Amino acid sequence: MMLLQGKLIIIYIFIVIINADDELSLQCESKTDACTDKTKNTYTIAANNASIELLPVTVSIFLHILVSDNVLVVTVATSETDGFNRYLQSAREYRIQPTILGFGQEWKGGDDIKRYTGGGWKVNLLKEHLQKFKDDKDKIVLFTDAYDVMFLGDLRRITENFKLTGARVLFGAEAFCWPNEDLASKYPKSEKGKPYLNSGLYIGYMPEIMELLERKDIKDTDDDQLYFTEAYLDENLREKLKFKLDHESQIFQNLNGASNEVQLHGDGKEHEIKLKNVLTHTEPLIIHGNGPSKIRLNHLGNYISKAWTPDRNCKHCTYGLINLTNVESADIPTVFVALFVEQATPFFEEQLLKLHAQEYPKERVHLFIHNNIKYHKDHIKEFVEKYGKDYFSVKEITPEDEISEWAARDLSLDQCLLKDCDYYFSVDATVHLDNPYTVKLLIEQNRTVVAPLLVRSGKAWSNFWGALTTDGYYSRSDDYMDIVYNNKRGLWNVPFVSSAYLINGTLLKKFDRTKLNYIRSNYDADMAFCANLRDLDVFMFVSNRLDFGHLVNPDTYDITRAKPDMYQIFENEIDWEERYIHEDYAENFNPNKTAKQPCPDVYWFPIVSPRFCKDLIDMMENFGGWSDGSNKDSRLEGGYEAVPTRDIHMNQVGWERHWLYFLQKYVRPLQEMVFIGYEHNPPRSLMNFVVRYRPDEQPSLRPHHDSSTYTINIALNQKGDDYEGGGCRFIRYNCSVVETKSGWVLMHPGKLTHYHEGLLVTKGTRYIMIAFVDP
C-alpha cells in the first residue's frame with residue numbers, strides 16, 4: 001500500500017506541474033536542491049500550495065526524472081565494443097539514457113580517426129537528429145563520444161555545474177591544440193586549466209547548439225574538432241553564443257595531457273570511489289580518454305562509476321554473467337585449448353594433469369599442443385596416449401616440425417576458426433590451473449578477453465601488466481601489488497595479459513586476421529598480440545575474484561641435469577613440495593596422533609614421496625661415482641673414513657644446498673617435536689649422502705656411533721619389492737628396525753647412546769639417504 005501511495009504521489013506531482021504555471025519548489029533553508037528534516041529524514045516538496053513529504057531516495061529519483069526530461073543526451077556509435085558497453089554501463093549507474101546515433105551503420109567519418117582528422121559525420125548526425133527538438137528553447141543537449149567516455153555523476157549535477165558556468169555552450173578543454181597547432185596562438189588566454197577545445201564532450205542549450213551546428217556545412221570526413229575550434233575562435237560568435245571551455249574540469253575531464261592530474265579518492269559516506277583533479281580541485285562528472293590516454297581511462301574505469309569500492313568490492317564484475325551450471329552437455333560452448341611449450345618447464349607433468357582435470361566436458365574441447373622442446377616430448381606423448389581420446393580432437397606440433405612460436409600461435413587461431421569454436425583458451429606450460437573450474441568460470445565471466453590472475457609463488461611476477469611505458473613495455477600501476485597479493489579482489493581492465501587467457505570466439509570472427517595476430521615488429525608474441533588488441537579497442541581483463549592457480553618459474557631449470565625438478569626446491573617450492581613431500585607428512589603434527597617409536601628414542605615419520613625416492617636414486621645412479629667402500633676417501637678432510645660405505649655425497653651432484661634447506665624446512669620441525677628442548681636453526685650437517693647396499697658390493701655396515709647430535713636415515717626403496725634383508729639394529733637396546741618403508745625417515749640420537757649397525761642385505765639393492773645433523 002505504501003509503495004502504491006508513493007507512485008500516486010509522483011503521478012500527482014507530475015500532473016500538477018504539467019497543468020500549472022506554478023514552479024515546483026523544495027522547502028529548504030539552503031539553496032541546494034533539497035534539504036532533509038533530520039528528525040524525520042524526509043524531504044518536503046511543495047507545488048500548487050500543497051506540500052508532500054517524501055523519502056530522500058524518492059526525491060532523488062523524482063528530481064532525476066525532471067532533469068532527464070529536459071536534457072537530451074546524445075552519442076554516436078556504429079558498433080558494439082567493450083568501450084561502448086562500459087559507456088552504457090556508466091550511464092545506467094547514474095540513470096542516464098543516451099540516444100545512440102549511427103548504430104549498425106558503416107562509419108563515414110574518416111578512415112583512421114585515432115591518428116588522423118575526421119569525425120565530421122558526428123556533427124551531421126547530431127544536426128539531423130536535433131531538427132525535431134530545435135523549437136524547444138529550454139532543452140539542454142549533452143553530446144559525448146561513446147567508446148572512450150564514462151559518466152561519473154547524474155544529469156542533475158551535470159546541469160547544475162553547467163548553469164554555474166554562465167555559458168550557453170560549454171566544451172571540454174584539453175592540453176593540446178588538435179588538429180591544427182598553428183591555431184594555438186589565436187586562442188583567448190586562459191589563466192587556469194587547459195586552454196584548448198576538445199570536441200568529445202560538450203553541453204549547451206538547444207538554440208545555441210543548433211546555431212553552432214548549422215553555421216556552415218561540414219563533410220562527413222572533415223574534422224569535427226577543427227569545425228568547433230574555428231567557431232570558438234570567432235570572437236563575435238563566441239560572445240553571441242556564450243561559448244566557453246571547461247578549463248578547470250568542472251564537468252568534463254579530458255585525460256590526454258592530464259593523466260597525472262587526476263587521482264582516485266574514496267568517499268566514506270557514499271561508499272564510492274571518485275575522481276579528483278588535484279590541480280583544479282574539482283571532481284569531474286564525465287571523463288574522456290582522448291588520444292593516447294585510453295589505457296589510463298581503462299585503469300580508472302576499474303574503480304569509478306561505482307565499479308569497485310572497498311566495502312562492496314567489484315560491482316561491475318557481475319555485469320553480464322552467464323551460467324553454465326544447468327546447460328546440457330550438447331549445448332555447452334566448444335573450447336579450443338591451445339597449449340604452448342616454448343621453454344623447458346619444471347613440473348610440466350603436473351601442469352598437463354591439472355589441465356586435463358578441468359571440470360569441463362572434454363568432448364566439447366579441442367586440444368592443440370605446440371611443443372618446441374624435445375625434453376618434453378615423452379611427457380606429451382604419455383599424456384596424449386592416456387588422455388587424448390577424451391577430447392573432441394587433438395593436434396600436436398612437435399619440435400621436428402620447426403614451427404616458431406609466433407607462427408604456431410597464429411595457426412592455433414586459424415584452427416579455432418576452422419573448427420568454429422565458441423571460445424579460444426591459450427595456456428602456457430608454466431601455468432598450473434589449481435582451480436579445476438577455471439575454464440568454466442572464465443566463460444561465465446562473459447568478457448571478450450579475460451585471464452585468471454596467476455603469480456609466481458612468493459614473487460610479484462604475474463601474468464598481467466597494470467600499466468605501460470610510452471613504448472609499450474612493462475610499467476607498474478599503483479594498484480599492481482594489491483591485485484597480485486589479493487588485497488583487492490575483482491575484475492581488472494589491464495593493457496597486457498599473458499600465459500593464460502580466454503577469448504570469446506566472436507572476436508576472431510569479427511576482425512581480419514591481418515589485424516588480430518601475434519606478429520609485430522620488435523615485440524615478442526604476447527606483447528604483439530596484446531598491442532594488436534589495444535589497437536582494436538578490445539579490453540583485456542584479469543580476474544582475481546577467486547584463486548585460479550599459479551605460475552612456475554622456469555628461469556633456473558637445467559635439463560642437462562638428471563632429474564632437474566629435484567633442484568627446484570627454491571624457485572618452485574610449492575610445486576616441489578606437492579611432488580616430493582609425502583602425502584601424510586602434515587599428519588606428523590596432528591596432536592591426536594603419537595609418533596611411531598620402534599625403538600627407544602628412535603622415531604619414524606613419513607617424509608618424502610615415492611617420486612622423491614625414485615628421482616634421488618636416479619640422480620645418483622646417473623652420476624655413477626659410487627665410492628669404493630674403503631677407509632681412504634679423498635672427499636673428506638683428512639682423506640680417511642672410519643666407517644666407510646658405498647655412497648655418493650650430495651655435494652657431488654650439486655644438491656648439498658638443497659638438502660640443507662630440506663633439513664631445515666621438513667626435518668627440523670620433526671626433531672623439535674620429539675627431542676624436546678633441543679633447537680638448532682638452521683641445522684648443520686657436513687655429511688649428507690646416499691648409501692647403496694648390495695650383496696656383491698657392501699651388504700652391511702659394522703657397529704658404530706654416528707658423529708652427530710642426531711641422525712636421519714630415509715629409506716629410498718621398498719623391502720620385499722627391491723631387496724631382501726637389511727635394516728638397522730640398535731645394539732644397546734637389542735632393537736632392530738627391519739620393516740622399513742620407502743619414504744619414511746628414521747630419526748635417532750648419534751654419538752653416545754645409539755650404537756648401531758646396518759643389517760645384511762641378502763638380495764637386490766637397498767638405497768638409503770643419510771645425514772649426520774649437528775656434529
# chains A, B, ... in the order shown; residues from 1 in each chain; ligands from 1
$ residues_around --residues "Asp224 (chain A)" --least-positions-apart "3" --cutoff "7 Å" --atoms "only C-alpha atoms" --output "ChimeraX atom specification"
/A:118-120,123,199,227-228
$ select_by_dssp --residues "region 587-653 of chain A" --states "alpha helix (DSSP H)" --output "ChimeraX atom specification"
/A:610-623
$ residues_around --residues "Lys389 (chain A)" --least-positions-apart "3" --cutoff "12 Å" --atoms "only C-alpha atoms" --output "list in words"
His356, Lys362, Glu363, Val365, His366, Leu367, Phe383, Val384, Glu385, Lys386, Phe392, Ser393, Val394 and Lys395 of chain A
$ write_last_selection --atoms "N, CA and C atoms" --output "short mmCIF file (atom, residue, chain, number, x, y, z; two decimals), in the first residue's frame"
data_model
loop_
_atom_site.label_atom_id
_atom_site.label_comp_id
_atom_site.auth_asym_id
_atom_site.auth_seq_id
_atom_site.Cartn_x
_atom_site.Cartn_y
_atom_site.Cartn_z
N HIS A 356 44.05 -31.34 -17.73
CA HIS A 356 43.06 -32.38 -18.00
C HIS A 356 42.00 -32.44 -16.90
N LYS A 362 35.12 -32.82 -21.80
CA LYS A 362 36.24 -32.97 -22.73
C LYS A 362 35.76 -33.14 -24.16
N GLU A 363 34.55 -33.69 -24.33
CA GLU A 363 34.04 -33.88 -25.68
C GLU A 363 33.69 -32.55 -26.34
N VAL A 365 35.93 -30.01 -26.09
CA VAL A 365 37.24 -29.34 -26.07
C VAL A 365 38.11 -29.87 -27.20
N HIS A 366 38.61 -28.95 -28.00
CA HIS A 366 39.66 -29.26 -28.99
C HIS A 366 41.00 -28.93 -28.34
N LEU A 367 41.95 -29.86 -28.39
CA LEU A 367 43.25 -29.65 -27.78
C LEU A 367 44.32 -29.49 -28.86
N PHE A 383 50.97 -38.28 -22.10
CA PHE A 383 49.70 -37.63 -21.79
C PHE A 383 48.68 -37.89 -22.90
N VAL A 384 49.08 -37.70 -24.14
CA VAL A 384 48.15 -37.88 -25.26
C VAL A 384 47.71 -39.33 -25.38
N GLU A 385 48.64 -40.25 -25.17
CA GLU A 385 48.28 -41.67 -25.25
C GLU A 385 47.25 -42.03 -24.17
N LYS A 386 47.37 -41.42 -23.01
CA LYS A 386 46.49 -41.76 -21.91
C LYS A 386 45.16 -41.02 -21.96
N PHE A 392 37.56 -33.77 -27.96
CA PHE A 392 36.88 -33.67 -29.26
C PHE A 392 37.89 -33.93 -30.37
N SER A 393 39.06 -33.29 -30.26
CA SER A 393 40.15 -33.50 -31.22
C SER A 393 41.46 -33.12 -30.56
N VAL A 394 42.54 -33.68 -31.08
CA VAL A 394 43.88 -33.36 -30.58
C VAL A 394 44.79 -33.14 -31.78
N LYS A 395 45.52 -32.03 -31.74
CA LYS A 395 46.52 -31.76 -32.77
C LYS A 395 47.83 -31.39 -32.08
#
$ residues_around --residues "Gly83 (chain A)" --least-positions-apart "3" --cutoff "10 Å" --atoms "only C-alpha atoms" --output "list of chain:residue names"
A:Glu80, A:Arg86, A:Tyr87, A:Leu88, A:Gln89, A:Ala146, A:Tyr147, A:Asp148, A:Val149, A:Met150, A:Lys294, A:Asn298, A:Asp537, A:Val538, A:Phe539
$ atom_distance --atom1 "CA of Ser700 (chain A)" --atom2 "CA of Asp647 (chain A)"
12.8 Å
$ closest_residue --among "A:Leu170, A:Val439, A:Leu212, A:Ile332" --to "Asn198 (chain A)" --atoms "only C-alpha atoms"
A:Leu170
$ residues_around --residues "region 127-134 of chain A" --least-positions-apart "5" --cutoff "9 Å" --atoms "only C-alpha atoms" --output "NGL selection string"
:A and (101 or 122 or 139 or 141 or 206-207 or 209-210 or 213-214)
$ closest_residue --among "A:Gly764, A:Pro606, A:Pro600, A:Gly743" --to "Pro699 (chain A)" --atoms "only C-alpha atoms"
A:Gly764
$ closest_residue --among "A:Tyr202, A:Trp604, A:Tyr187, A:Trp659" --to "Thr75 (chain A)" --atoms "only C-alpha atoms"
A:Tyr202
$ residues_around --residues "Ile380 (chain A)" --least-positions-apart "4" --cutoff "10 Å" --atoms "only C-alpha atoms" --output "number ranges by chain"
A: 341, 348-349, 352, 369, 371, 375-376, 384-386, 396, 398
$ residues_around --residues "Thr282 (chain A)" --least-positions-apart "4" --cutoff "6 Å" --atoms "only C-alpha atoms" --output "list in words"
Gln250, Lys276 and Asn277 of chain A
$ closest_atom_pairs --of "region 443-512 of chain A" --to "region 300-310 of chain A" --cutoff "12 Å" --atoms "only C-alpha atoms" --output "JSON lines"
{"residue": "A:Gly466", "atom": "CA", "partner": "A:Leu300", "partner_atom": "CA", "distance": 11.2}
{"residue": "A:Ala467", "atom": "CA", "partner": "A:Leu300", "partner_atom": "CA", "distance": 11.3}
{"residue": "A:Ser477", "atom": "CA", "partner": "A:Leu300", "partner_atom": "CA", "distance": 10.8}
{"residue": "A:Asp478", "atom": "CA", "partner": "A:Leu300", "partner_atom": "CA", "distance": 11.0}
{"residue": "A:Asp479", "atom": "CA", "partner": "A:Asn302", "partner_atom": "CA", "distance": 10.6}
{"residue": "A:Ile483", "atom": "CA", "partner": "A:Asn302", "partner_atom": "CA", "distance": 11.8}
{"residue": "A:Asn487", "atom": "CA", "partner": "A:Pro310", "partner_atom": "CA", "distance": 10.0}
{"residue": "A:Lys488", "atom": "CA", "partner": "A:Pro310", "partner_atom": "CA", "distance": 8.0}
{"residue": "A:Arg489", "atom": "CA", "partner": "A:Trp308", "partner_atom": "CA", "distance": 9.3}
{"residue": "A:Gly490", "atom": "CA", "partner": "A:Trp308", "partner_atom": "CA", "distance": 7.8}
{"residue": "A:Leu491", "atom": "CA", "partner": "A:Asn302", "partner_atom": "CA", "distance": 7.7}
{"residue": "A:Trp492", "atom": "CA", "partner": "A:Asn302", "partner_atom": "CA", "distance": 5.9}
{"residue": "A:Asn493", "atom": "CA", "partner": "A:Asn302", "partner_atom": "CA", "distance": 6.3}
{"residue": "A:Val494", "atom": "CA", "partner": "A:Asn302", "partner_atom": "CA", "distance": 9.1}
$ write_last_selection --atoms "N, CA and C atoms" --output "PDB file, in the first residue's frame"
ATOM      1  N   GLY A 466      49.932  -3.831 -15.188  1.00  0.00           N
ATOM      2  CA  GLY A 466      48.928  -2.853 -14.805  1.00  0.00           C
ATOM      3  C   GLY A 466      49.009  -1.566 -15.595  1.00  0.00           C
ATOM      4  N   ALA A 467      50.149  -1.316 -16.210  1.00  0.00           N
ATOM      5  CA  ALA A 467      50.347  -0.089 -16.988  1.00  0.00           C
ATOM      6  C   ALA A 467      51.434  -0.346 -18.019  1.00  0.00           C
ATOM      7  N   SER A 477      51.454  -0.354 -12.272  1.00  0.00           N
ATOM      8  CA  SER A 477      50.365   0.532 -11.854  1.00  0.00           C
ATOM      9  C   SER A 477      50.374   0.649 -10.338  1.00  0.00           C
ATOM     10  N   ASP A 478      49.705   1.680  -9.826  1.00  0.00           N
ATOM     11  CA  ASP A 478      49.732   1.903  -8.386  1.00  0.00           C
ATOM     12  C   ASP A 478      48.960   0.841  -7.609  1.00  0.00           C
ATOM     13  N   ASP A 479      48.120   0.069  -8.292  1.00  0.00           N
ATOM     14  CA  ASP A 479      47.376  -0.981  -7.596  1.00  0.00           C
ATOM     15  C   ASP A 479      47.900  -2.378  -7.917  1.00  0.00           C
ATOM     16  N   ILE A 483      46.644  -6.042  -6.239  1.00  0.00           N
ATOM     17  CA  ILE A 483      45.957  -7.065  -7.035  1.00  0.00           C
ATOM     18  C   ILE A 483      46.720  -8.384  -6.967  1.00  0.00           C
ATOM     19  N   ASN A 487      44.981  -8.198  -2.096  1.00  0.00           N
ATOM     20  CA  ASN A 487      44.440  -7.220  -1.156  1.00  0.00           C
ATOM     21  C   ASN A 487      43.197  -6.557  -1.749  1.00  0.00           C
ATOM     22  N   LYS A 488      43.138  -6.534  -3.062  1.00  0.00           N
ATOM     23  CA  LYS A 488      41.943  -6.098  -3.773  1.00  0.00           C
ATOM     24  C   LYS A 488      41.509  -7.246  -4.679  1.00  0.00           C
ATOM     25  N   ARG A 489      40.246  -7.605  -4.563  1.00  0.00           N
ATOM     26  CA  ARG A 489      39.696  -8.664  -5.405  1.00  0.00           C
ATOM     27  C   ARG A 489      38.761  -8.041  -6.425  1.00  0.00           C
ATOM     28  N   GLY A 490      38.805  -8.547  -7.637  1.00  0.00           N
ATOM     29  CA  GLY A 490      37.896  -8.006  -8.640  1.00  0.00           C
ATOM     30  C   GLY A 490      38.240  -8.466 -10.035  1.00  0.00           C
ATOM     31  N   LEU A 491      37.751  -7.699 -10.988  1.00  0.00           N
ATOM     32  CA  LEU A 491      37.972  -7.932 -12.415  1.00  0.00           C
ATOM     33  C   LEU A 491      38.588  -6.660 -12.957  1.00  0.00           C
ATOM     34  N   TRP A 492      39.816  -6.743 -13.464  1.00  0.00           N
ATOM     35  CA  TRP A 492      40.616  -5.555 -13.727  1.00  0.00           C
ATOM     36  C   TRP A 492      40.920  -5.407 -15.208  1.00  0.00           C
ATOM     37  N   ASN A 493      40.587  -4.253 -15.744  1.00  0.00           N
ATOM     38  CA  ASN A 493      40.896  -3.917 -17.130  1.00  0.00           C
ATOM     39  C   ASN A 493      42.362  -3.519 -17.194  1.00  0.00           C
ATOM     40  N   VAL A 494      43.178  -4.290 -17.910  1.00  0.00           N
ATOM     41  CA  VAL A 494      44.621  -4.088 -17.938  1.00  0.00           C
ATOM     42  C   VAL A 494      45.106  -4.050 -19.393  1.00  0.00           C
TER      43      VAL A 494
END
$ closest_residue --among "A:Phe252, A:Tyr767, A:Phe730, A:Phe143" --to "Tyr755 (chain A)" --atoms "only C-alpha atoms"
A:Phe730
$ decode --residues "region 98-141 of chain A" --atoms "N, CA and C atoms" --output "short mmCIF file (atom, residue, chain, number, x, y, z; two decimals), in the first residue's frame"
data_model
loop_
_atom_site.label_atom_id
_atom_site.label_comp_id
_atom_site.auth_asym_id
_atom_site.auth_seq_id
_atom_site.Cartn_x
_atom_site.Cartn_y
_atom_site.Cartn_z
N PRO A 98 21.25 7.67 -22.90
CA PRO A 98 21.70 8.37 -24.10
C PRO A 98 21.00 7.85 -25.36
N THR A 99 20.84 8.76 -26.31
CA THR A 99 20.36 8.38 -27.65
C THR A 99 21.57 8.03 -28.49
N ILE A 100 21.54 6.86 -29.11
CA ILE A 100 22.68 6.38 -29.89
C ILE A 100 22.42 6.64 -31.36
N LEU A 101 23.27 7.41 -31.99
CA LEU A 101 23.15 7.70 -33.42
C LEU A 101 24.15 6.87 -34.21
N GLY A 102 23.75 6.43 -35.39
CA GLY A 102 24.65 5.74 -36.31
C GLY A 102 24.86 4.27 -36.03
N PHE A 103 24.16 3.73 -35.02
CA PHE A 103 24.43 2.34 -34.65
C PHE A 103 24.02 1.39 -35.78
N GLY A 104 24.90 0.45 -36.06
CA GLY A 104 24.66 -0.52 -37.11
C GLY A 104 25.03 -0.04 -38.50
N GLN A 105 25.46 1.23 -38.60
CA GLN A 105 25.85 1.77 -39.90
C GLN A 105 27.36 1.68 -40.08
N GLU A 106 27.79 1.81 -41.31
CA GLU A 106 29.22 1.87 -41.59
C GLU A 106 29.73 3.26 -41.21
N TRP A 107 30.87 3.28 -40.55
CA TRP A 107 31.46 4.56 -40.14
C TRP A 107 31.83 5.39 -41.36
N LYS A 108 31.40 6.66 -41.37
CA LYS A 108 31.65 7.54 -42.52
C LYS A 108 32.53 8.72 -42.17
N GLY A 109 33.07 8.68 -40.96
CA GLY A 109 33.79 9.87 -40.50
C GLY A 109 35.28 9.87 -40.70
N GLY A 110 35.80 9.10 -41.65
CA GLY A 110 37.24 9.08 -41.90
C GLY A 110 37.80 7.70 -41.66
N ASP A 111 38.93 7.40 -42.32
CA ASP A 111 39.50 6.06 -42.28
C ASP A 111 40.14 5.71 -40.95
N ASP A 112 40.88 6.63 -40.35
CA ASP A 112 41.60 6.34 -39.11
C ASP A 112 41.54 7.57 -38.22
N ILE A 113 40.43 7.72 -37.54
CA ILE A 113 40.22 8.92 -36.74
C ILE A 113 41.10 8.95 -35.50
N LYS A 114 41.67 7.77 -35.14
CA LYS A 114 42.58 7.75 -33.99
C LYS A 114 43.84 8.57 -34.25
N ARG A 115 44.31 8.48 -35.48
CA ARG A 115 45.59 9.14 -35.77
C ARG A 115 45.45 10.33 -36.70
N TYR A 116 44.34 10.40 -37.42
CA TYR A 116 44.20 11.45 -38.40
C TYR A 116 42.88 12.20 -38.17
N THR A 117 42.69 13.22 -38.95
CA THR A 117 41.49 14.03 -38.80
C THR A 117 40.26 13.29 -39.29
N GLY A 118 39.11 13.76 -38.85
CA GLY A 118 37.84 13.15 -39.25
C GLY A 118 36.80 13.38 -38.18
N GLY A 119 35.66 12.76 -38.35
CA GLY A 119 34.60 12.85 -37.35
C GLY A 119 33.49 13.82 -37.70
N GLY A 120 33.56 14.43 -38.89
CA GLY A 120 32.51 15.36 -39.28
C GLY A 120 31.14 14.71 -39.36
N TRP A 121 31.14 13.39 -39.57
CA TRP A 121 29.86 12.68 -39.64
C TRP A 121 29.09 12.80 -38.33
N LYS A 122 29.82 12.87 -37.20
CA LYS A 122 29.15 13.01 -35.90
C LYS A 122 28.35 14.31 -35.85
N VAL A 123 28.93 15.37 -36.41
CA VAL A 123 28.25 16.67 -36.44
C VAL A 123 26.98 16.57 -37.28
N ASN A 124 27.10 15.96 -38.44
CA ASN A 124 25.94 15.86 -39.33
C ASN A 124 24.84 14.97 -38.76
N LEU A 125 25.23 13.89 -38.10
CA LEU A 125 24.23 13.03 -37.46
C LEU A 125 23.49 13.78 -36.37
N LEU A 126 24.24 14.51 -35.55
CA LEU A 126 23.63 15.24 -34.45
C LEU A 126 22.70 16.35 -34.99
N LYS A 127 23.16 17.06 -35.98
CA LYS A 127 22.38 18.15 -36.56
C LYS A 127 21.05 17.62 -37.10
N GLU A 128 21.11 16.49 -37.77
CA GLU A 128 19.90 15.90 -38.32
C GLU A 128 18.95 15.45 -37.20
N HIS A 129 19.51 14.84 -36.18
CA HIS A 129 18.70 14.31 -35.10
C HIS A 129 17.99 15.42 -34.32
N LEU A 130 18.66 16.56 -34.14
CA LEU A 130 18.10 17.62 -33.31
C LEU A 130 17.02 18.44 -34.01
N GLN A 131 16.79 18.21 -35.29
CA GLN A 131 15.79 19.01 -36.02
C GLN A 131 14.42 18.94 -35.35
N LYS A 132 14.08 17.78 -34.84
CA LYS A 132 12.74 17.63 -34.26
C LYS A 132 12.62 18.27 -32.88
N PHE A 133 13.76 18.69 -32.31
CA PHE A 133 13.73 19.32 -30.99
C PHE A 133 14.08 20.80 -31.04
N LYS A 134 14.38 21.32 -32.23
CA LYS A 134 15.00 22.64 -32.32
C LYS A 134 14.13 23.77 -31.79
N ASP A 135 12.84 23.58 -31.70
CA ASP A 135 11.96 24.65 -31.22
C ASP A 135 11.84 24.65 -29.70
N ASP A 136 12.43 23.65 -29.05
CA ASP A 136 12.36 23.58 -27.58
C ASP A 136 13.55 24.36 -27.03
N LYS A 137 13.33 25.64 -26.76
CA LYS A 137 14.42 26.55 -26.41
C LYS A 137 15.01 26.27 -25.03
N ASP A 138 14.29 25.56 -24.17
CA ASP A 138 14.80 25.30 -22.82
C ASP A 138 15.54 23.95 -22.73
N LYS A 139 15.45 23.18 -23.78
CA LYS A 139 16.08 21.86 -23.71
C LYS A 139 17.59 22.00 -23.79
N ILE A 140 18.27 21.18 -23.00
CA ILE A 140 19.74 21.15 -22.97
C ILE A 140 20.22 19.91 -23.73
N VAL A 141 21.23 20.08 -24.53
CA VAL A 141 21.82 18.98 -25.29
C VAL A 141 23.19 18.65 -24.69
#
